[in-house]
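Source file entry19.json; content: JSON, C-alpha atoms and all ligand atoms.
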```json
[["chain", "number", "residue", "atom", "x", "y", "z"],
["A", 134, "MET", "CA", 0.98, -42.41, -53.48],
["A", 135, "LYS", "CA", -0.55, -42.68, -50.05],
["A", 136, "SER", "CA", 2.71, -41.82, -48.33],
["A", 137, "ILE", "CA", 3.17, -38.78, -50.61],
["A", 138, "LYS", "CA", -0.30, -37.57, -49.65],
["A", 139, "ILE", "CA", 0.50, -37.97, -45.99],
["A", 140, "LEU", "CA", 3.82, -36.22, -46.50],
["A", 141, "SER", "CA", 2.23, -33.28, -48.30],
["A", 142, "LEU", "CA", -0.42, -33.10, -45.61],
["A", 143, "LEU", "CA", 2.32, -33.00, -43.01],
["A", 144, "VAL", "CA", 4.14, -30.30, -44.96],
["A", 145, "ALA", "CA", 0.94, -28.34, -45.26],
["A", 146, "LEU", "CA", 0.23, -28.76, -41.54],
["A", 147, "THR", "CA", 3.75, -27.73, -40.66],
["A", 148, "ALA", "CA", 3.44, -24.68, -42.89],
["A", 149, "LEU", "CA", 0.10, -23.85, -41.29],
["A", 150, "THR", "CA", 1.49, -24.24, -37.81],
["A", 151, "ALA", "CA", 4.57, -22.24, -38.72],
["A", 152, "CYS", "CA", 2.38, -19.51, -40.14],
["A", 153, "GLU", "CA", -0.12, -19.56, -37.35],
["A", 154, "THR", "CA", 2.32, -19.27, -34.52],
["A", 155, "PRO", "CA", 3.83, -15.93, -35.52],
["A", 156, "THR", "CA", 0.42, -14.62, -36.54],
["A", 157, "ASN", "CA", -0.98, -15.40, -33.12],
["A", 158, "THR", "CA", 2.06, -14.01, -31.42],
["A", 159, "ASN", "CA", 1.77, -10.81, -33.40],
["A", 160, "THR", "CA", -1.91, -10.49, -32.67],
["A", 161, "ASN", "CA", -1.32, -11.04, -28.96],
["A", 162, "THR", "CA", 1.60, -8.69, -28.89],
["A", 163, "ASN", "CA", -0.37, -6.02, -30.67],
["A", 164, "ALA", "CA", -3.32, -6.57, -28.40],
["A", 165, "ASN", "CA", -1.10, -6.28, -25.36],
["A", 166, "ARG", "CA", 0.57, -3.19, -26.75],
["A", 167, "ALA", "CA", -2.79, -1.67, -27.49],
["A", 168, "ASN", "CA", -3.91, -2.37, -23.93],
["A", 169, "VAL", "CA", -0.76, -1.00, -22.42],
["A", 170, "ASN", "CA", -0.98, 2.10, -24.57],
["A", 171, "THR", "CA", -4.60, 2.64, -23.69],
["A", 172, "THR", "CA", -3.83, 2.28, -20.01],
["A", 173, "ASN", "CA", -0.88, 4.63, -20.24],
["A", 174, "THR", "CA", -2.86, 7.17, -22.19],
["A", 175, "ASN", "CA", -5.56, 7.14, -19.55],
["A", 176, "ALA", "CA", -3.16, 7.20, -16.66],
["A", 177, "ALA", "CA", -0.71, 9.79, -17.94],
["A", 178, "PRO", "CA", -2.30, 12.11, -20.47],
["A", 179, "THR", "CA", 0.26, 14.84, -19.91],
["A", 180, "ALA", "CA", 3.92, 14.84, -19.12],
["A", 181, "GLN", "CA", 4.03, 14.85, -15.36],
["A", 182, "ASN", "CA", 7.07, 16.54, -13.94],
["A", 183, "LEU", "CA", 7.21, 15.66, -10.26],
["A", 184, "THR", "CA", 9.59, 17.57, -8.08],
["A", 185, "GLU", "CA", 10.42, 17.14, -4.43],
["A", 186, "VAL", "CA", 9.31, 20.11, -2.37],
["A", 187, "SER", "CA", 9.62, 20.99, 1.30],
["A", 188, "ARG", "CA", 6.95, 20.14, 3.85],
["A", 189, "PRO", "CA", 3.89, 22.31, 3.06],
["A", 190, "LYS", "CA", 3.47, 25.37, 5.25],
["A", 191, "LYS", "CA", -0.01, 24.25, 6.28],
["A", 192, "ILE", "CA", 1.55, 21.18, 7.90],
["A", 193, "GLU", "CA", 4.41, 23.18, 9.45],
["A", 194, "ASP", "CA", 1.76, 25.41, 11.03],
["A", 195, "GLU", "CA", -0.16, 22.41, 12.31],
["A", 196, "ILE", "CA", 3.00, 20.96, 13.85],
["A", 197, "ALA", "CA", 3.57, 24.26, 15.65],
["A", 198, "THR", "CA", -0.01, 24.22, 16.96],
["A", 199, "ARG", "CA", 0.35, 20.64, 18.21],
["A", 200, "GLY", "CA", 3.32, 21.56, 20.36],
["A", 201, "GLU", "CA", 4.98, 18.68, 22.18],
["A", 202, "GLN", "CA", 2.64, 16.11, 20.69],
["A", 203, "ASP", "CA", 4.56, 16.02, 17.47],
["A", 204, "LYS", "CA", 7.61, 14.76, 19.36],
["A", 205, "ALA", "CA", 5.68, 11.98, 21.04],
["A", 206, "ALA", "CA", 6.90, 8.38, 20.85],
["A", 207, "PRO", "CA", 3.70, 6.35, 20.91],
["A", 208, "THR", "CA", 3.97, 2.58, 21.10],
["A", 209, "ILE", "CA", 1.32, 0.04, 20.16],
["A", 210, "ALA", "CA", 0.57, -3.35, 21.62],
["A", 211, "VAL", "CA", -1.77, -5.69, 19.76],
["A", 212, "VAL", "CA", -4.18, -7.22, 22.26],
["A", 213, "GLU", "CA", -6.25, -8.97, 19.58],
["A", 214, "PRO", "CA", -5.74, -10.87, 17.33],
["A", 215, "LYS", "CA", -2.77, -12.46, 19.00],
["A", 216, "ASN", "CA", 0.20, -13.21, 16.79],
["A", 217, "GLY", "CA", -0.27, -16.73, 15.44],
["A", 218, "ALA", "CA", -3.94, -16.93, 16.43],
["A", 219, "THR", "CA", -6.45, -19.03, 14.53],
["A", 220, "VAL", "CA", -9.84, -17.37, 14.23],
["A", 221, "ALA", "CA", -12.86, -19.57, 13.45],
["A", 222, "SER", "CA", -14.81, -16.68, 11.97],
["A", 223, "SER", "CA", -14.59, -14.26, 9.07],
["A", 224, "THR", "CA", -15.10, -11.47, 11.62],
["A", 225, "VAL", "CA", -11.83, -10.62, 13.32],
["A", 226, "LYS", "CA", -11.87, -8.34, 16.34],
["A", 227, "VAL", "CA", -9.00, -5.90, 16.65],
["A", 228, "LYS", "CA", -7.93, -4.47, 20.00],
["A", 229, "LEU", "CA", -4.93, -2.25, 20.47],
["A", 230, "SER", "CA", -3.39, -0.54, 23.43],
["A", 231, "LEU", "CA", -1.38, 2.61, 23.18],
["A", 232, "ALA", "CA", 1.48, 3.51, 25.50],
["A", 233, "GLY", "CA", 4.88, 5.15, 25.33],
["A", 234, "ASP", "CA", 5.80, 8.80, 25.65],
["A", 235, "LEU", "CA", 2.54, 10.25, 24.34],
["A", 236, "LYS", "CA", 2.97, 13.97, 25.14],
["A", 237, "GLY", "CA", -0.78, 14.36, 24.65],
["A", 238, "TYR", "CA", -1.00, 12.16, 21.55],
["A", 239, "LYS", "CA", -4.44, 10.54, 21.38],
["A", 240, "PRO", "CA", -6.15, 9.02, 18.35],
["A", 241, "MET", "CA", -9.46, 10.84, 17.92],
["A", 242, "MET", "CA", -11.38, 12.29, 15.01],
["A", 243, "ASP", "CA", -12.28, 15.94, 15.27],
["A", 244, "MET", "CA", -15.91, 16.03, 14.20],
["A", 245, "ALA", "CA", -15.64, 19.50, 12.65],
["A", 246, "THR", "CA", -12.62, 18.82, 10.44],
["A", 247, "LYS", "CA", -13.01, 15.01, 10.17],
["A", 248, "MET", "CA", -9.29, 14.88, 10.90],
["A", 249, "GLY", "CA", -7.23, 13.84, 13.86],
["A", 250, "ASN", "CA", -4.61, 11.44, 15.12],
["A", 251, "HIS", "CA", -5.30, 7.88, 14.05],
["A", 252, "ILE", "CA", -3.79, 4.44, 13.66],
["A", 253, "HIS", "CA", -3.08, 3.03, 10.21],
["A", 254, "VAL", "CA", -4.35, -0.55, 9.94],
["A", 255, "ILE", "CA", -3.16, -2.68, 7.03],
["A", 256, "LEU", "CA", -4.63, -6.06, 6.17],
["A", 257, "ASP", "CA", -2.12, -8.14, 4.19],
["A", 258, "ASN", "CA", -0.56, -5.73, 1.71],
["A", 259, "GLN", "CA", -3.65, -3.67, 0.95],
["A", 260, "PRO", "CA", -4.11, 0.09, 1.34],
["A", 261, "TYR", "CA", -4.47, 1.01, 5.03],
["A", 262, "GLU", "CA", -7.65, 2.04, 6.80],
["A", 263, "ALA", "CA", -7.80, 4.51, 9.66],
["A", 264, "TYR", "CA", -8.67, 3.55, 13.24],
["A", 265, "TYR", "CA", -9.51, 6.73, 15.14],
["A", 266, "ASN", "CA", -10.91, 5.80, 18.51],
["A", 267, "LEU", "CA", -9.17, 2.99, 20.37],
["A", 268, "ASP", "CA", -11.97, 2.93, 22.95],
["A", 269, "SER", "CA", -14.50, 1.85, 20.37],
["A", 270, "GLU", "CA", -14.38, -1.52, 18.65],
["A", 271, "PHE", "CA", -12.64, -2.16, 15.38],
["A", 272, "GLU", "CA", -13.60, -5.27, 13.52],
["A", 273, "LEU", "CA", -12.56, -6.79, 10.24],
["A", 274, "ARG", "CA", -15.44, -8.47, 8.47],
["A", 275, "ASN", "CA", -15.60, -10.97, 5.66],
["A", 276, "VAL", "CA", -11.93, -11.94, 6.01],
["A", 277, "SER", "CA", -11.21, -14.91, 3.74],
["A", 278, "ASP", "CA", -9.95, -18.26, 4.97],
["A", 279, "GLY", "CA", -6.20, -18.60, 5.15],
["A", 280, "GLU", "CA", -3.23, -16.78, 6.58],
["A", 281, "HIS", "CA", -3.27, -13.01, 6.92],
["A", 282, "THR", "CA", -1.18, -10.25, 8.37],
["A", 283, "LEU", "CA", -2.19, -7.06, 10.11],
["A", 284, "ARG", "CA", 0.14, -4.12, 10.50],
["A", 285, "PHE", "CA", -0.43, -1.11, 12.74],
["A", 286, "PHE", "CA", 1.31, 2.19, 13.40],
["A", 287, "PRO", "CA", 0.22, 5.56, 14.81],
["A", 288, "SER", "CA", -0.22, 8.47, 12.48],
["A", 289, "ARG", "CA", -0.71, 12.21, 12.62],
["A", 290, "PRO", "CA", -3.80, 14.01, 11.23],
["A", 291, "TRP", "CA", -1.99, 14.54, 7.90],
["A", 292, "HIS", "CA", -1.21, 10.79, 7.81],
["A", 293, "GLU", "CA", 2.51, 11.03, 8.55],
["A", 294, "SER", "CA", 3.45, 8.05, 10.68],
["A", 295, "TYR", "CA", 5.33, 8.06, 13.97],
["A", 296, "LYS", "CA", 8.62, 6.27, 13.41],
["A", 297, "ASN", "CA", 9.86, 5.57, 16.92],
["A", 298, "ALA", "CA", 10.75, 2.10, 18.17],
["A", 299, "GLY", "CA", 7.65, 0.18, 19.20],
["A", 300, "ALA", "CA", 5.28, 2.27, 17.08],
["A", 301, "PHE", "CA", 4.96, -0.46, 14.46],
["A", 302, "GLN", "CA", 3.44, -3.86, 15.11],
["A", 303, "MET", "CA", 2.66, -6.78, 12.85],
["A", 304, "VAL", "CA", 0.71, -9.93, 13.66],
["A", 305, "LYS", "CA", -0.05, -13.01, 11.61],
["A", 306, "PHE", "CA", -3.32, -14.83, 12.05],
["A", 307, "THR", "CA", -5.27, -17.54, 10.27],
["A", 308, "VAL", "CA", -8.96, -17.62, 9.50],
["A", 309, "LYS", "CA", -10.30, -21.16, 9.43],
["A", 310, "ASN", "CA", -13.79, -22.10, 8.24],
["A", 311, "GLY", "CA", -14.80, -18.47, 8.52],
["A", 312, "GLY", "CA", -17.35, -18.71, 5.71],
["A", 313, "ALA", "CA", -16.40, -15.38, 4.09],
["A", 314, "ASP", "CA", -18.17, -14.40, 0.86],
["A", 315, "ALA", "CA", -15.36, -14.63, -1.70],
["A", 316, "THR", "CA", -17.13, -12.29, -4.10],
["A", 317, "LYS", "CA", -17.02, -9.43, -1.60],
["A", 318, "PRO", "CA", -14.11, -7.56, -0.05],
["A", 319, "ALA", "CA", -13.14, -7.60, 3.59],
["A", 320, "THR", "CA", -14.41, -4.50, 5.37],
["A", 321, "THR", "CA", -14.33, -2.93, 8.80],
["A", 322, "ASN", "CA", -17.37, -2.63, 11.05],
["A", 323, "ALA", "CA", -17.53, 1.00, 9.83],
["A", 324, "ASN", "CA", -17.78, -0.36, 6.28],
["A", 325, "GLN", "CA", -14.32, 0.76, 5.18],
["A", 326, "THR", "CA", -12.99, -1.59, 2.51],
["A", 327, "MET", "CA", -9.91, -3.48, 3.68],
["A", 328, "SER", "CA", -9.29, -5.74, 0.70],
["A", 329, "ASN", "CA", -10.64, -7.06, -2.53],
["A", 330, "ALA", "CA", -11.75, -10.59, -2.97],
["A", 331, "ASN", "CA", -12.14, -10.10, -6.72],
["A", 332, "ALA", "CA", -12.11, -7.45, -9.41],
["A", 333, "ASN", "CA", -15.88, -6.97, -9.37],
["A", 334, "ALA", "CA", -15.84, -6.11, -5.72],
["A", 335, "ALA", "CA", -12.94, -3.71, -6.06],
["A", 336, "PRO", "CA", -13.76, -0.07, -5.46],
["A", 337, "GLU", "CA", -11.63, 2.60, -7.07],
["A", 338, "GLY", "CA", -8.11, 2.94, -5.77],
["A", 339, "LYS", "CA", -7.96, -0.54, -4.28],
["A", 340, "GLU", "CA", -5.84, -3.36, -5.55],
["A", 341, "MET", "CA", -7.77, -5.88, -7.58],
["A", 342, "LYS", "CA", -6.37, -9.05, -6.18],
["A", 343, "GLU", "CA", -7.34, -11.43, -3.48],
["A", 344, "SER", "CA", -6.05, -10.46, -0.09],
["A", 345, "LYS", "CA", -3.71, -13.10, 1.28],
["A", 346, "ALA", "CA", -0.70, -12.83, 3.47],
["A", 347, "GLY", "CA", 2.59, -13.08, 1.69],
["A", 348, "ASN", "CA", 5.27, -15.33, 3.06],
["A", 349, "VAL", "CA", 6.49, -12.51, 5.25],
["A", 350, "ASP", "CA", 9.26, -12.89, 7.76],
["A", 351, "ALA", "CA", 8.71, -10.45, 10.63],
["A", 352, "ALA", "CA", 12.44, -10.52, 11.41],
["A", 353, "LYS", "CA", 13.58, -9.49, 7.91],
["A", 354, "PRO", "CA", 13.76, -5.98, 6.42],
["A", 355, "LEU", "CA", 10.20, -4.88, 5.72],
["A", 356, "LEU", "CA", 8.96, -1.84, 3.86],
["A", 357, "THR", "CA", 5.36, -0.94, 4.65],
["A", 358, "TYR", "CA", 3.63, 1.34, 2.15],
["A", 359, "SER", "CA", 1.52, 3.93, 3.93],
["A", 360, "ARG", "CA", 0.95, 7.03, 1.78],
["A", 361, "PRO", "CA", -0.20, 8.29, -0.67],
["A", 362, "LYS", "CA", -3.66, 6.79, -0.59],
["A", 363, "GLY", "CA", -7.12, 7.58, -1.91],
["A", 364, "GLU", "CA", -8.24, 10.80, -3.50],
["A", 365, "TYR", "CA", -6.44, 14.16, -3.46],
["A", 366, "LYS", "CA", -8.65, 17.12, -4.25],
["A", 367, "GLY", "CA", -7.83, 20.76, -4.92],
["A", 368, "ALA", "CA", -5.01, 22.15, -2.81],
["A", 369, "GLU", "CA", -4.43, 18.72, -1.21],
["A", 370, "ALA", "CA", -2.90, 17.67, -4.52],
["A", 371, "ASP", "CA", -0.39, 20.56, -4.66],
["A", 372, "ALA", "CA", 2.11, 18.51, -2.69],
["A", 373, "ILE", "CA", 1.45, 14.83, -2.05],
["A", 374, "MET", "CA", 3.35, 12.99, 0.67],
["A", 375, "ILE", "CA", 5.11, 9.66, 0.26],
["A", 376, "ASP", "CA", 5.45, 7.98, 3.64],
["A", 377, "PHE", "CA", 6.34, 4.46, 4.72],
["A", 378, "TRP", "CA", 7.40, 2.36, 7.67],
["A", 379, "LEU", "CA", 10.73, 0.59, 7.63],
["A", 380, "SER", "CA", 11.38, -2.34, 9.95],
["A", 381, "ASN", "CA", 14.56, -4.34, 10.54],
["A", 382, "GLY", "CA", 16.79, -2.22, 8.37],
["A", 383, "LYS", "CA", 18.22, 1.25, 7.82],
["A", 384, "LEU", "CA", 18.45, 3.37, 4.70],
["A", 385, "GLN", "CA", 21.92, 4.24, 3.49],
["A", 386, "GLY", "CA", 21.54, 7.91, 4.41],
["A", 387, "ASP", "CA", 20.81, 6.77, 7.98],
["A", 388, "GLY", "CA", 23.93, 4.59, 8.12],
["A", 389, "GLY", "CA", 22.31, 1.46, 6.70],
["A", 390, "GLU", "CA", 22.43, -0.52, 3.49],
["A", 391, "TYR", "CA", 19.03, -0.04, 1.91],
["A", 392, "ARG", "CA", 17.27, 2.45, -0.34],
["A", 393, "VAL", "CA", 13.61, 3.06, -1.03],
["A", 394, "LYS", "CA", 12.98, 3.19, -4.75],
["A", 395, "TYR", "CA", 9.84, 4.89, -5.97],
["A", 396, "SER", "CA", 8.22, 5.56, -9.30],
["A", 397, "VAL", "CA", 4.97, 7.10, -10.43],
["A", 398, "ASP", "CA", 2.97, 5.72, -13.37],
["A", 399, "GLY", "CA", 5.85, 3.39, -14.21],
["A", 400, "GLY", "CA", 8.12, 6.35, -14.87],
["A", 401, "GLU", "CA", 11.69, 7.11, -13.89],
["A", 402, "ALA", "CA", 12.83, 5.46, -10.67],
["A", 403, "LYS", "CA", 13.93, 7.76, -7.86],
["A", 404, "TYR", "CA", 15.35, 7.04, -4.45],
["A", 405, "ILE", "CA", 14.74, 7.96, -0.85],
["A", 406, "ASP", "CA", 17.84, 7.49, 1.29],
["A", 407, "LYS", "CA", 16.67, 8.83, 4.63],
["A", 408, "TRP", "CA", 13.66, 7.57, 6.51],
["A", 409, "SER", "CA", 11.31, 10.53, 6.51],
["A", 410, "PRO", "CA", 8.38, 11.51, 4.34],
["A", 411, "ILE", "CA", 8.88, 13.39, 1.12],
["A", 412, "TRP", "CA", 6.43, 15.70, -0.66],
["A", 413, "LEU", "CA", 6.09, 15.76, -4.44],
["A", 414, "SER", "CA", 4.41, 18.46, -6.49],
["A", 415, "GLY", "CA", 3.52, 18.59, -10.16],
["A", 416, "TRP", "CA", 0.83, 15.89, -10.23],
["A", 417, "ALA", "CA", -1.45, 15.62, -13.24],
["A", 418, "ASN", "CA", -5.14, 14.92, -12.76],
["A", 419, "GLY", "CA", -6.37, 11.36, -13.06],
["A", 420, "THR", "CA", -5.47, 7.95, -11.68],
["A", 421, "ARG", "CA", -1.81, 7.72, -10.75],
["A", 422, "SER", "CA", 0.04, 4.61, -9.64],
["A", 423, "VAL", "CA", 2.73, 4.86, -7.01],
["A", 424, "LYS", "CA", 5.25, 2.07, -6.52],
["A", 425, "LEU", "CA", 7.50, 1.76, -3.48],
["A", 426, "GLU", "CA", 10.26, -0.82, -3.24],
["A", 427, "LEU", "CA", 12.96, -1.70, -0.77],
["A", 428, "VAL", "CA", 16.23, -2.23, -2.65],
["A", 429, "ASP", "CA", 19.84, -2.88, -1.73],
["A", 430, "LYS", "CA", 22.79, -0.66, -2.69],
["A", 431, "ALA", "CA", 22.98, -2.37, -6.10],
["A", 432, "GLY", "CA", 19.32, -1.54, -6.69],
["A", 433, "ASN", "CA", 18.05, -5.11, -6.35],
["A", 434, "LEU", "CA", 14.73, -5.75, -4.65],
["A", 435, "VAL", "CA", 15.07, -7.02, -1.10],
["A", 436, "ASP", "CA", 12.14, -9.40, -1.14],
["A", 437, "ASN", "CA", 10.08, -10.26, 1.90],
["A", 438, "GLY", "CA", 7.03, -12.28, 0.94],
["A", 439, "GLY", "CA", 6.12, -9.83, -1.82],
["A", 440, "TYR", "CA", 5.51, -6.99, 0.66],
["A", 441, "ASN", "CA", 8.63, -4.98, -0.24],
["A", 442, "SER", "CA", 7.33, -4.04, -3.69],
["A", 443, "THR", "CA", 3.96, -2.36, -3.45],
["A", 444, "THR", "CA", 1.99, -0.41, -6.02],
["A", 445, "GLN", "CA", -1.11, 1.53, -5.08],
["A", 446, "GLU", "CA", -3.36, 3.78, -7.10],
["A", 447, "ILE", "CA", -4.45, 7.24, -6.11],
["A", 448, "THR", "CA", -6.76, 9.77, -7.73],
["A", 449, "VAL", "CA", -5.67, 13.33, -8.32],
["A", 450, "ALA", "CA", -8.39, 15.95, -8.92],
["A", 451, "LYS", "CA", -6.86, 19.40, -8.69],
["B", 1, "CU", "CU", -3.84, 8.35, 7.87]]
```

How would this structure read if it were set down as structure tokens?
Amino acid sequence: MKSIKILSLLVALTALTACETPTNTNTNTNANRANVNTTNTNAAPTAQNLTEVSRPKKIEDEIATRGEQDKAAPTIAVVEPKNGATVASSTVKVKLSLAGDLKGYKPMMDMATKMGNHIHVILDNQPYEAYYNLDSEFELRNVSDGEHTLRFFPSRPWHESYKNAGAFQMVKFTVKNGGADATKPATTNANQTMSNANANAAPEGKEMKESKAGNVDAAKPLLTYSRPKGEYKGAEADAIMIDFWLSNGKLQGDGGEYRVKYSVDGGEAKYIDKWSPIWLSGWANGTRSVKLELVDKAGNLVDNGGYNSTTQEITVAK
């Protein structure tokens, strides 16, 4: 009698477990689907038909006005932090020196237009911040303990990077006992947000994950996401530029073996086979996510510490 009771209890338990498992799975799946759908609905309310267009005339005109400068070959040297340095503070001073064939190229913000040549500074694999005046200090503040990377390259007023040899530099450094506030993002001394320590501290358009260096090998093929970034208003959103830096490898259209794969809002994957910026028009208003990946000829991701697959969010407000 007792053993029958136990047996029936077991059967009942088994039945319960068997029932519960699929129920939970269904609930979770539905919940996930609902979330995904909600996100997609918010992110892509209308069918967005992006097409590649030529460089906007406004930029062509600016290039003409800049004269020789556009053909400059600026090179950067990182004075501080030194590659491999350990910094015993959450404040990290950045010093760069600029050399090369400058042809008048000088980072400097024009106070009237708030534009100008500048250096893109990337902490770990976060969106870049702009460094305009190399004569004034640039500091990273509230950098968390652990290993980090910084990447630098010179850029034009419309954020297109210079792609000559020596323009790009990357350093690795370690913050030890820096005492950073983990609930707040790293910033610059000008209060630009460099990273997000957690979701609560994340401002719009910034990745919501802790900023740590990946296991990046500076000698391996490395795709550095540069643009698009931030908010595009009015006519700025007519044609939005995708631009990146490519180190230690060539794209197949330039005689190499790699491709840059991109997609917007998780949509159809497209490819860039020559290393130059492209402009896309047809953006719908709202938050858009842009993913750039370095892939081989077979379309497989060429991993380098997680840095070769980067998704960033932008805001389009036409
Ligand atoms: Cu820029």

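Checking A:Ser414, A:Asn310, A:Asn441, A:Gln202 one by one against A:Thr224, counting all atoms listed in the file, you find the shortest gap at A:Asn310.
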
Within 10 Å of ligand CU 1 (chain B), which residues of chain A come that close, and what is the closest atom pair and distance in Å for each? Count only C-alpha atoms and all ligand atoms and give it as a Markdown table.
```
| residue | atom | partner | partner_atom | distance |
| --- | --- | --- | --- | --- |
| A:Met248 | CA | B:CU1 | CU | 9.0 |
| A:Gly249 | CA | B:CU1 | CU | 8.8 |
| A:Asn250 | CA | B:CU1 | CU | 7.9 |
| A:His251 | CA | B:CU1 | CU | 6.4 |
| A:Ile252 | CA | B:CU1 | CU | 7.0 |
| A:His253 | CA | B:CU1 | CU | 5.9 |
| A:Val254 | CA | B:CU1 | CU | 9.2 |
| A:Tyr261 | CA | B:CU1 | CU | 7.9 |
| A:Glu262 | CA | B:CU1 | CU | 7.4 |
| A:Ala263 | CA | B:CU1 | CU | 5.8 |
| A:Tyr264 | CA | B:CU1 | CU | 8.7 |
| A:Tyr265 | CA | B:CU1 | CU | 9.4 |
| A:Phe286 | CA | B:CU1 | CU | 9.7 |
| A:Pro287 | CA | B:CU1 | CU | 8.5 |
| A:Ser288 | CA | B:CU1 | CU | 5.9 |
| A:Arg289 | CA | B:CU1 | CU | 6.9 |
| A:Pro290 | CA | B:CU1 | CU | 6.6 |
| A:Trp291 | CA | B:CU1 | CU | 6.5 |
| A:His292 | CA | B:CU1 | CU | 3.6 |
| A:Glu293 | CA | B:CU1 | CU | 6.9 |
| A:Ser294 | CA | B:CU1 | CU | 7.8 |
| A:Ser359 | CA | B:CU1 | CU | 8.0 |
| A:Arg360 | CA | B:CU1 | CU | 7.9 |
| A:Pro361 | CA | B:CU1 | CU | 9.3 |
| A:Lys362 | CA | B:CU1 | CU | 8.6 |
```

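Within the 12 Å cut-off around A:Glu401, using all atoms listed in the file and omitting residues fewer than 6 positions from it on the same chain, the listed residues are A:Gln181, A:Asn182, A:Leu183, A:Lys394, A:Tyr395, A:Val423, A:Lys424.
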
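Among the candidates A:Lys305, A:Lys430, A:Lys247, A:Lys226, the one nearest to A:Gly389 when counting only C-alpha atoms is A:Lys430.
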
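Every residue within 10 Å of the file position (-0.9, 25.5, -5.4), judged by all atoms listed in the file, is given as Gly367, Ala368, Glu369, Ala370, Asp371, Ala372, Ser414, Gly415 and Lys451 of chain A.
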
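The smallest atom-to-atom distance between A:Lys204 and any of A:Thr444, A:Ser187, A:Thr316, A:Asn297, using only C-alpha atoms, is found for A:Asn297.
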
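Here the question is which of A:Thr357, A:Ser223, A:Ser396, A:Ser230 gets nearest to A:Pro318 using all atoms listed in the file, and that residue is A:Ser223.
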
Problem set entry | Option closest in space to A:Ala315, from A:Ser277, A:Thr282, A:Ser222, A:Ser328 [counting all atoms listed in the file] | A:Ser277

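Interatomic distance, atom CA of A:Asn275 to atom CA of A:Asp436: 28.6 Å.
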
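Going from atom CA of A:Lys317 over to atom CA of A:Thr448, you cover 22.6 Å.
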
Got a sec: who's within 7 Å of A:Thr420, counting all atoms listed in the file, leaving out chain neighbours fewer than 5 positions off, as a PDB file with C-alpha atoms, in the coordinates of the input?
```pdb
ATOM      1  CA  ALA A 176      -3.160   7.200 -16.660  1.00  0.00           C
ATOM      2  CA  GLU A 446      -3.360   3.780  -7.100  1.00  0.00           C
ATOM      3  CA  ILE A 447      -4.450   7.240  -6.110  1.00  0.00           C
ATOM      4  CA  THR A 448      -6.760   9.770  -7.730  1.00  0.00           C
ATOM      5  CA  VAL A 449      -5.670  13.330  -8.320  1.00  0.00           C
TER       6      VAL A 449
END
```

For this session: Write out as an MDAnalysis selection string the residues lying within 7 Å of A:Arg274, counting all atoms listed in the file and excluding same-chain residues fewer than 6 positions away.
Result: chainID A and resid 223:225 319:322
